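> The structure that follows is given in the form of structure tokens.
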There are 2 protein chains.
Amino acid sequence: MEIANLFAARLEPKREEIFETLLETGRVRLERIISTGQSTPAGEWYDQERNEWVALLSGSAGLLFEGEPEPRVMKPGDYLIIPAHLRHRVEWTDPDHETVWLALHY
Amino acid sequence: MEIANLFAARLEPKREEIFETLLETGRVRLERIISTGQSTPAGEWYDQERNEWVALLSGSAGLLFEGEPEPRVMKPGDYLIIPAHLRHRVEWTDPDHETVWLALHY
């Protein structure tokens with residue numbers, strides 16, 4: 001039973017987003033994601049089998065849902081539920097600061 | 001699908017801790033707790049049926065586990081897993097700032 005930290009510094013800047021599973025039970029998966037300016041590639045959408053509760057803990061991001069005209073701006077502490085199969089994409093993340101997400105897939 | 005905020009200000013100072021269920025599926029429960037200086041009453045312990053993944057998002061707290069000599073100090077971003085039935089108590093929380101916890105019972 002060790003304490004870890006959601007904001008723990010990374011050893012080096014990364015060119016890719018970092019996906020880290022914090023907890024997996026078969027029923028749910030809790031994931032930390034660290035973005036450093038990345039976005040979902042042009043024309044691609046997430047289309048997930050499970051519902052997702054997602055919070056942005058640091059940084060900022062624009063989250064676009066299919067059918068909506070503009071991305072929703074997420075700031076620290078913001079959370080929402082993305083229903084399964086609701087297509088969405090990350091339009092942008094803060095290029096200057098780490099954006100830390102916490103996502104619960106259930 | 002509305003955005004809410006984990007750090008949203010409360011309307012007034014509270015004398016009791018605030019427990020808010022963010023998500024409940026029958027299999028898991030995700031809960032936000034806001035402490036403002038409270039601690040677990042003297043002599044009482046939490047003894048829970050389920051495992052708990054818990055993170056401290058703001059403020060600070062001392063978390064004592066049965067059999068350990070000193071409370072573990074939790075600072076923002078710190079998280080750990082408390083196995084079911086491991087008796088524990090909150091020895092103290094920051095009296096000057098809101099301590100926001102995120103707890104996943106699974």
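Order determines the names: the first chain of the structure tokens is A, the second B, and so forth; residues in each chain are numbered 1 upward, and ligands are numbered 1 upward as they are shown.
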Pick out the residues sitting within 12 Å of Ala84 (chain A), and hand them over as a VMD selection string; count only C-alpha atoms, and ignore anything fewer than 2 positions along from it in its own chain.
chain A and resid 46 to 53 81 to 82 86 to 88 105 to 106
> Could you write out the selected residues, including C-alpha atoms, as an mmCIF file, in the first residue's frame?

data_model
loop_
_atom_site.group_PDB
_atom_site.id
_atom_site.type_symbol
_atom_site.label_atom_id
_atom_site.label_comp_id
_atom_site.auth_asym_id
_atom_site.auth_seq_id
_atom_site.Cartn_x
_atom_site.Cartn_y
_atom_site.Cartn_z
ATOM 1 C CA TYR A 46 -12.954 7.969 -29.939
ATOM 2 C CA ASP A 47 -15.866 5.527 -29.998
ATOM 3 C CA GLN A 48 -15.780 3.529 -26.778
ATOM 4 C CA GLU A 49 -17.551 0.399 -25.643
ATOM 5 C CA ARG A 50 -17.989 1.639 -22.099
ATOM 6 C CA ASN A 51 -19.137 4.793 -20.410
ATOM 7 C CA GLU A 52 -16.356 7.066 -19.262
ATOM 8 C CA TRP A 53 -16.236 9.426 -16.303
ATOM 9 C CA ILE A 81 -19.588 11.556 -18.269
ATOM 10 C CA ILE A 82 -19.112 10.477 -21.853
ATOM 11 C CA LEU A 86 -20.701 8.940 -28.141
ATOM 12 C CA ARG A 87 -18.030 9.922 -30.610
ATOM 13 C CA HIS A 88 -15.632 12.522 -29.333
ATOM 14 C CA HIS A 105 -14.187 3.421 -17.783
ATOM 15 C CA TYR A 106 -17.222 1.554 -16.488
#
> Can you check which parts of chain B lie within 12 Å of chain A? Per residue, the shortest pair of atoms and distance in Å to one decimal, counting only C-alpha atoms, sorted by chain and number, as JSON lines.

{"residue": "B:Met1", "atom": "CA", "partner": "A:Ile81", "partner_atom": "CA", "distance": 6.3}
{"residue": "B:Glu2", "atom": "CA", "partner": "A:Leu80", "partner_atom": "CA", "distance": 6.1}
{"residue": "B:Ile3", "atom": "CA", "partner": "A:Leu80", "partner_atom": "CA", "distance": 4.9}
{"residue": "B:Ala4", "atom": "CA", "partner": "A:Tyr79", "partner_atom": "CA", "distance": 5.4}
{"residue": "B:Asn5", "atom": "CA", "partner": "A:Asp78", "partner_atom": "CA", "distance": 4.1}
{"residue": "B:Leu6", "atom": "CA", "partner": "A:Gly77", "partner_atom": "CA", "distance": 4.6}
{"residue": "B:Phe7", "atom": "CA", "partner": "A:Gly77", "partner_atom": "CA", "distance": 5.6}
{"residue": "B:Ala8", "atom": "CA", "partner": "A:Gly77", "partner_atom": "CA", "distance": 7.9}
{"residue": "B:Ala9", "atom": "CA", "partner": "A:Gly77", "partner_atom": "CA", "distance": 11.2}
{"residue": "B:Leu22", "atom": "CA", "partner": "A:Trp53", "partner_atom": "CA", "distance": 9.3}
{"residue": "B:Leu23", "atom": "CA", "partner": "A:Trp53", "partner_atom": "CA", "distance": 8.3}
{"residue": "B:Glu24", "atom": "CA", "partner": "A:Tyr106", "partner_atom": "CA", "distance": 10.2}
{"residue": "B:Thr25", "atom": "CA", "partner": "A:Tyr106", "partner_atom": "CA", "distance": 8.3}
{"residue": "B:Gly26", "atom": "CA", "partner": "A:Tyr106", "partner_atom": "CA", "distance": 11.0}
{"residue": "B:Arg27", "atom": "CA", "partner": "A:Arg27", "partner_atom": "CA", "distance": 7.7}
{"residue": "B:Val28", "atom": "CA", "partner": "A:Val28", "partner_atom": "CA", "distance": 8.1}
{"residue": "B:Arg29", "atom": "CA", "partner": "A:Tyr106", "partner_atom": "CA", "distance": 10.6}
{"residue": "B:Leu30", "atom": "CA", "partner": "A:Leu104", "partner_atom": "CA", "distance": 9.3}
{"residue": "B:Arg32", "atom": "CA", "partner": "A:Gly77", "partner_atom": "CA", "distance": 11.5}
{"residue": "B:Asn51", "atom": "CA", "partner": "A:Thr25", "partner_atom": "CA", "distance": 10.9}
{"residue": "B:Glu52", "atom": "CA", "partner": "A:Leu23", "partner_atom": "CA", "distance": 10.6}
{"residue": "B:Trp53", "atom": "CA", "partner": "A:Leu23", "partner_atom": "CA", "distance": 8.3}
{"residue": "B:Val54", "atom": "CA", "partner": "A:Ile3", "partner_atom": "CA", "distance": 9.9}
{"residue": "B:Ala55", "atom": "CA", "partner": "A:Leu6", "partner_atom": "CA", "distance": 8.2}
{"residue": "B:Leu56", "atom": "CA", "partner": "A:Asn5", "partner_atom": "CA", "distance": 9.2}
{"residue": "B:Leu57", "atom": "CA", "partner": "A:Leu57", "partner_atom": "CA", "distance": 8.3}
{"residue": "B:Ser58", "atom": "CA", "partner": "A:Gly77", "partner_atom": "CA", "distance": 10.3}
{"residue": "B:Leu63", "atom": "CA", "partner": "A:Ile3", "partner_atom": "CA", "distance": 11.1}
{"residue": "B:Phe65", "atom": "CA", "partner": "A:Met1", "partner_atom": "CA", "distance": 10.5}
{"residue": "B:Arg72", "atom": "CA", "partner": "A:Ile3", "partner_atom": "CA", "distance": 8.8}
{"residue": "B:Val73", "atom": "CA", "partner": "A:Ile3", "partner_atom": "CA", "distance": 9.5}
{"residue": "B:Met74", "atom": "CA", "partner": "A:Ile3", "partner_atom": "CA", "distance": 8.2}
{"residue": "B:Lys75", "atom": "CA", "partner": "A:Asn5", "partner_atom": "CA", "distance": 8.6}
{"residue": "B:Pro76", "atom": "CA", "partner": "A:Asn5", "partner_atom": "CA", "distance": 7.8}
{"residue": "B:Gly77", "atom": "CA", "partner": "A:Leu6", "partner_atom": "CA", "distance": 4.6}
{"residue": "B:Asp78", "atom": "CA", "partner": "A:Asn5", "partner_atom": "CA", "distance": 4.1}
{"residue": "B:Tyr79", "atom": "CA", "partner": "A:Ala4", "partner_atom": "CA", "distance": 5.4}
{"residue": "B:Leu80", "atom": "CA", "partner": "A:Ile3", "partner_atom": "CA", "distance": 4.9}
{"residue": "B:Ile81", "atom": "CA", "partner": "A:Met1", "partner_atom": "CA", "distance": 6.3}
{"residue": "B:Ile82", "atom": "CA", "partner": "A:Met1", "partner_atom": "CA", "distance": 7.2}
{"residue": "B:Pro83", "atom": "CA", "partner": "A:Met1", "partner_atom": "CA", "distance": 8.4}
{"residue": "B:Leu86", "atom": "CA", "partner": "A:Met1", "partner_atom": "CA", "distance": 10.8}
{"residue": "B:Val100", "atom": "CA", "partner": "A:Gly77", "partner_atom": "CA", "distance": 10.4}
{"residue": "B:Trp101", "atom": "CA", "partner": "A:Gly77", "partner_atom": "CA", "distance": 11.7}
{"residue": "B:Leu102", "atom": "CA", "partner": "A:Leu102", "partner_atom": "CA", "distance": 10.7}
{"residue": "B:Ala103", "atom": "CA", "partner": "A:Leu30", "partner_atom": "CA", "distance": 11.7}
{"residue": "B:Leu104", "atom": "CA", "partner": "A:Leu30", "partner_atom": "CA", "distance": 9.3}
{"residue": "B:His105", "atom": "CA", "partner": "A:Val28", "partner_atom": "CA", "distance": 11.0}
{"residue": "B:Tyr106", "atom": "CA", "partner": "A:Thr25", "partner_atom": "CA", "distance": 8.3}
> Please produce a file of the residues just selected, as an mmCIF file, in the first residue's frame, where the atoms kept are C-alpha atoms.

data_model
loop_
_atom_site.group_PDB
_atom_site.id
_atom_site.type_symbol
_atom_site.label_atom_id
_atom_site.label_comp_id
_atom_site.auth_asym_id
_atom_site.auth_seq_id
_atom_site.Cartn_x
_atom_site.Cartn_y
_atom_site.Cartn_z
ATOM 1 C CA MET B 1 -23.873 15.666 -20.378
ATOM 2 C CA GLU B 2 -22.884 18.646 -18.269
ATOM 3 C CA ILE B 3 -19.464 19.648 -17.079
ATOM 4 C CA ALA B 4 -19.183 19.941 -13.303
ATOM 5 C CA ASN B 5 -16.114 20.838 -11.251
ATOM 6 C CA LEU B 6 -14.382 18.905 -8.500
ATOM 7 C CA PHE B 7 -13.198 22.110 -6.861
ATOM 8 C CA ALA B 8 -16.444 24.032 -7.177
ATOM 9 C CA ALA B 9 -16.845 26.463 -4.310
ATOM 10 C CA LEU B 22 -20.594 11.357 -8.357
ATOM 11 C CA LEU B 23 -21.286 7.966 -9.877
ATOM 12 C CA GLU B 24 -22.945 4.794 -8.686
ATOM 13 C CA THR B 25 -23.298 1.686 -10.806
ATOM 14 C CA GLY B 26 -23.996 -1.005 -8.231
ATOM 15 C CA ARG B 27 -20.514 -2.304 -8.919
ATOM 16 C CA VAL B 28 -18.601 0.833 -8.094
ATOM 17 C CA ARG B 29 -19.221 4.119 -6.381
ATOM 18 C CA LEU B 30 -17.246 7.270 -7.065
ATOM 19 C CA ARG B 32 -16.212 13.353 -3.707
ATOM 20 C CA ASN B 51 -11.593 -1.769 -1.621
ATOM 21 C CA GLU B 52 -11.122 1.961 -1.986
ATOM 22 C CA TRP B 53 -8.922 3.879 -4.382
ATOM 23 C CA VAL B 54 -8.589 7.316 -2.843
ATOM 24 C CA ALA B 55 -6.853 10.476 -4.028
ATOM 25 C CA LEU B 56 -6.381 13.794 -2.294
ATOM 26 C CA LEU B 57 -6.855 16.578 -4.848
ATOM 27 C CA SER B 58 -6.435 19.689 -2.709
ATOM 28 C CA LEU B 63 -4.412 9.111 7.238
ATOM 29 C CA PHE B 65 -3.841 2.821 9.318
ATOM 30 C CA ARG B 72 0.588 9.118 6.421
ATOM 31 C CA VAL B 73 0.576 12.674 5.176
ATOM 32 C CA MET B 74 -1.403 13.112 1.969
ATOM 33 C CA LYS B 75 -0.734 16.096 -0.279
ATOM 34 C CA PRO B 76 -2.421 17.130 -3.540
ATOM 35 C CA GLY B 77 -2.291 14.387 -6.165
ATOM 36 C CA ASP B 78 -1.421 11.625 -3.696
ATOM 37 C CA TYR B 79 -3.436 8.445 -4.049
ATOM 38 C CA LEU B 80 -3.416 4.934 -2.664
ATOM 39 C CA ILE B 81 -5.522 1.822 -2.403
ATOM 40 C CA ILE B 82 -7.076 0.932 0.928
ATOM 41 C CA PRO B 83 -7.914 -2.782 0.913
ATOM 42 C CA LEU B 86 -8.159 -2.429 6.574
ATOM 43 C CA VAL B 100 -11.009 17.576 -1.656
ATOM 44 C CA TRP B 101 -10.898 13.790 -1.867
ATOM 45 C CA LEU B 102 -11.894 11.539 -4.718
ATOM 46 C CA ALA B 103 -12.743 7.994 -3.638
ATOM 47 C CA LEU B 104 -13.601 5.017 -5.805
ATOM 48 C CA HIS B 105 -15.171 2.127 -3.908
ATOM 49 C CA TYR B 106 -14.908 -1.100 -5.885
#
> One decimal, in Å: what's the spacing between CA of Glu98 (chain A) and CA of Thr99 (chain B)?
22.6 Å
> For His97 (chain B), find every residue with an atom within 10 Å (counting only C-alpha atoms), except residues of its own chain fewer than 4 positions away, and show them as a compact mmCIF listing (two decimals) with C-alpha atoms, in the first residue's frame.

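Full text of around.txt as output:
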# COMPACT_ATOMS: atom_id res chain seq x y z
CA SER B 35 -13.20 18.17 4.51
CA THR B 36 -12.64 21.47 6.26
CA GLY B 37 -10.58 20.52 9.28
CA SER B 58 -6.43 19.69 -2.71
CA GLY B 59 -5.62 20.55 0.89
CA SER B 60 -3.84 17.99 3.03
CA THR B 93 -7.38 17.59 7.64
> Mind the document's chain letters and residue numbers, and return as an NGL selection string the residues of chain A that DSSP labels strand (DSSP E).
:A and (4-5 or 18-24 or 29-35 or 52-58 or 61-65 or 72-74 or 78-82 or 88-93 or 99-105)
> To one decimal in Å, tell me the separation between CA of Pro71 (chain A) and CA of Glu91 (chain A).
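Separation of CA of Pro71 (chain A) and CA of Glu91 (chain A): 6.9 Å.
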> Measuring between only C-alpha atoms, which one of A:Arg15, A:Gly62, A:Glu31, A:His85 shows the shortest distance to Trp45 (chain A)?
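Checking each of A:Arg15, A:Gly62, A:Glu31, A:His85 against Trp45 (chain A), counting only C-alpha atoms, the winner is A:His85.
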